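> Got a structure here, written out as structure tokens. Questions coming.
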Amino acid sequence: MYSDSNSATITLTVSLKAGSAPAQPMSATFDQQGGSIGRRDENDWVLPDPERFISGRHALIFYSENAFHLTDTSSNGVFINRSATALGKDNVIKLEDGDTIGIGDYEISVSLPQPE
């Protein structure tokens with residue numbers, strides 16, 4: 001069945017790195033195929049981390065039930081909306097426009113296109 005929802009995308013943008021604006025703009029856009037985030041080169045979005053706090057594959061983005069979700073696949077946690085408590089390994093959260101994702105020293109803003 002054909003649906004316009006095939007064009008759904010999510011954009012993640014680093015808003016802060018170690019408490020300051022990043023020197024270079026960093027962002028990634030994922031479509032319904034989703035993708036991985038981590039420090040290893042084989043990820044769809046590589047976040048440089050010389051201290052190795054970020055896991056090789058830290059999180060997965062996927063699309064299900066007309067929404068984007070994030071799965072925490074890390075050892076050190078993903079923090080949603082500046083929560084003091086990590087999401088927790090293998091736990092999933094639906095992402096909303098304006099959410100923030102904390103991964104290591106990175107604070108990442110979630111941007112979803114608004115329905116027309």
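By order of appearance in the structure tokens: chains A, B, ..., then residues from 1 within every chain, and ligands from 1 in the order shown.
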Give me, as a list in words, all polymer residues having an atom no more than 8 Å from Ser15 of chain A, counting only C-alpha atoms and skipping those fewer than 4 positions away in the same chain.
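What passes the distance filter is Ala21, Pro22, Tyr106, Glu107, Ile108 and Ser109 of chain A.
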> Atoms to include: N, CA and C atoms. Write the selected residues as a PDB file, in the first residue's frame.

ATOM      1  N   ALA A  21      28.788  25.329  22.481  1.00  0.00           N
ATOM      2  CA  ALA A  21      28.384  25.087  21.099  1.00  0.00           C
ATOM      3  C   ALA A  21      29.533  24.398  20.364  1.00  0.00           C
ATOM      4  N   PRO A  22      29.230  23.408  19.514  1.00  0.00           N
ATOM      5  CA  PRO A  22      30.304  22.711  18.802  1.00  0.00           C
ATOM      6  C   PRO A  22      31.041  23.643  17.840  1.00  0.00           C
ATOM      7  N   TYR A 106      27.933  15.012  24.365  1.00  0.00           N
ATOM      8  CA  TYR A 106      27.079  15.618  23.348  1.00  0.00           C
ATOM      9  C   TYR A 106      25.650  15.789  23.852  1.00  0.00           C
ATOM     10  N   GLU A 107      25.085  16.965  23.588  1.00  0.00           N
ATOM     11  CA  GLU A 107      23.643  17.161  23.737  1.00  0.00           C
ATOM     12  C   GLU A 107      23.092  17.356  22.336  1.00  0.00           C
ATOM     13  N   ILE A 108      22.128  16.525  21.983  1.00  0.00           N
ATOM     14  CA  ILE A 108      21.624  16.443  20.615  1.00  0.00           C
ATOM     15  C   ILE A 108      20.152  16.827  20.614  1.00  0.00           C
ATOM     16  N   SER A 109      19.778  17.739  19.722  1.00  0.00           N
ATOM     17  CA  SER A 109      18.392  18.186  19.590  1.00  0.00           C
ATOM     18  C   SER A 109      17.687  17.370  18.515  1.00  0.00           C
TER      19      SER A 109
END
> Quick one: residues within 12 Å of segment 43-49 of chain A, only C-alpha atoms, excluding same-chain residues fewer than 5 positions away - as a ChimeraX atom specification?
/A:11-14,17-18,22,26-31,33-38,54-61,102-108
> Just the selected residues (C-alpha atoms), exported as a short mmCIF file (atom, residue, chain, number, x, y, z; two decimals), in the first residue's frame, please.

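The resulting file, selection-v2.cif, is shown below:
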data_model
loop_
_atom_site.label_atom_id
_atom_site.label_comp_id
_atom_site.auth_asym_id
_atom_site.auth_seq_id
_atom_site.Cartn_x
_atom_site.Cartn_y
_atom_site.Cartn_z
CA THR A 11 17.11 15.28 12.05
CA LEU A 12 19.47 15.13 15.02
CA THR A 13 21.74 18.12 15.62
CA VAL A 14 24.49 18.53 18.20
CA LYS A 17 29.47 19.52 23.20
CA ALA A 18 31.02 19.53 26.67
CA PRO A 22 30.30 22.71 18.80
CA MET A 26 27.16 18.37 13.39
CA SER A 27 23.88 16.81 12.35
CA ALA A 28 22.42 13.70 10.81
CA THR A 29 19.11 13.01 9.11
CA PHE A 30 17.60 9.55 9.27
CA ASP A 31 14.77 8.23 7.14
CA GLN A 33 15.48 2.92 7.48
CA GLY A 34 16.83 4.35 10.75
CA GLY A 35 20.47 3.91 11.68
CA SER A 36 23.08 3.70 14.39
CA ILE A 37 24.93 6.31 16.45
CA GLY A 38 28.28 5.70 18.15
CA ILE A 54 30.56 6.73 23.98
CA SER A 55 30.03 3.08 23.09
CA GLY A 56 31.09 1.69 19.73
CA ARG A 57 27.37 1.51 18.90
CA HIS A 58 25.65 3.72 21.46
CA ALA A 59 22.09 3.99 20.14
CA LEU A 60 19.81 2.91 17.32
CA ILE A 61 17.18 5.04 15.60
CA GLY A 102 22.49 13.17 25.91
CA ILE A 103 25.28 10.89 24.66
CA GLY A 104 28.66 11.34 26.33
CA ASP A 105 29.65 15.02 26.10
CA TYR A 106 27.08 15.62 23.35
CA GLU A 107 23.64 17.16 23.74
CA ILE A 108 21.62 16.44 20.62
#
> Select from chain A everything DSSP, run on the backbone, classes as helix (DSSP H, G or I), then give the selection as a PyMOL selection string.
chain A and resi 4-7
> Would you output that residue set with N, CA and C atoms, as a PDB file, in the first residue's frame?

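Final file, selection_30.pdb:
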ATOM      1  N   ASP A   4       2.243   8.416   1.809  1.00  0.00           N
ATOM      2  CA  ASP A   4       3.174   9.540   1.840  1.00  0.00           C
ATOM      3  C   ASP A   4       4.107   9.462   3.033  1.00  0.00           C
ATOM      4  N   SER A   5       3.802   8.606   4.004  1.00  0.00           N
ATOM      5  CA  SER A   5       4.652   8.504   5.192  1.00  0.00           C
ATOM      6  C   SER A   5       6.028   7.927   4.864  1.00  0.00           C
ATOM      7  N   ASN A   6       6.207   7.434   3.616  1.00  0.00           N
ATOM      8  CA  ASN A   6       7.520   6.917   3.225  1.00  0.00           C
ATOM      9  C   ASN A   6       8.592   7.997   3.262  1.00  0.00           C
ATOM     10  N   SER A   7       8.177   9.256   3.321  1.00  0.00           N
ATOM     11  CA  SER A   7       9.145  10.341   3.314  1.00  0.00           C
ATOM     12  C   SER A   7       9.486  10.826   4.726  1.00  0.00           C
TER      13      SER A   7
END
> As a PyMOL selection string, please: the residues near Gly77 of chain A (cut-off 8 Å, only C-alpha atoms, same-chain neighbours under 2 positions excluded).
chain A and resi 58+72-75+79+86-89+103
> Considering only C-alpha atoms, state which residue in the set A:Leu16, A:Gln114, A:His69, A:Ile80 is at the smallest distance from Ile93 of chain A.
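Looking at the shortest contact to Ile93 of chain A, the residue is A:His69.
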> Could you write out, as a PyMOL selection string, all the residues of segment 12-97 of chain A that DSSP marks as strand (DSSP E or B)?
chain A and resi 12-17+20+27-30+35-38+45-46+59-64+67-72+79-80+92-94
> Counting only C-alpha atoms, which of A:Gln32, A:Ser64, A:Thr100, A:Ser111 gets nearest to Ser83 of chain A?
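Of the candidates, the smallest distance to Ser83 of chain A is held by A:Thr100.
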> Any idea what the distance is between atom CA of Ile101 of chain A and atom CA of Phe53 of chain A?
15.1 Å
> Rounded to one decimal place, report the atom CA of Ala8 of chain A-atom CA of Asp41 of chain A distance in Å.
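Atom CA of Ala8 of chain A sits 25.3 Å away from atom CA of Asp41 of chain A.
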> Which one is closest to Glu65 of chain A: A:Glu42, A:Glu51, A:Lys94, A:Thr85? Count only C-alpha atoms.
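Counting only C-alpha atoms, the residue closest to Glu65 of chain A is A:Lys94.
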> Excluding Leu95 of chain A and any residue of its chain fewer than 5 positions from it, enumerate the residues within 8 Å of it, using only C-alpha atoms, and give them as a PyMOL selection string.
chain A and resi 67-70+110
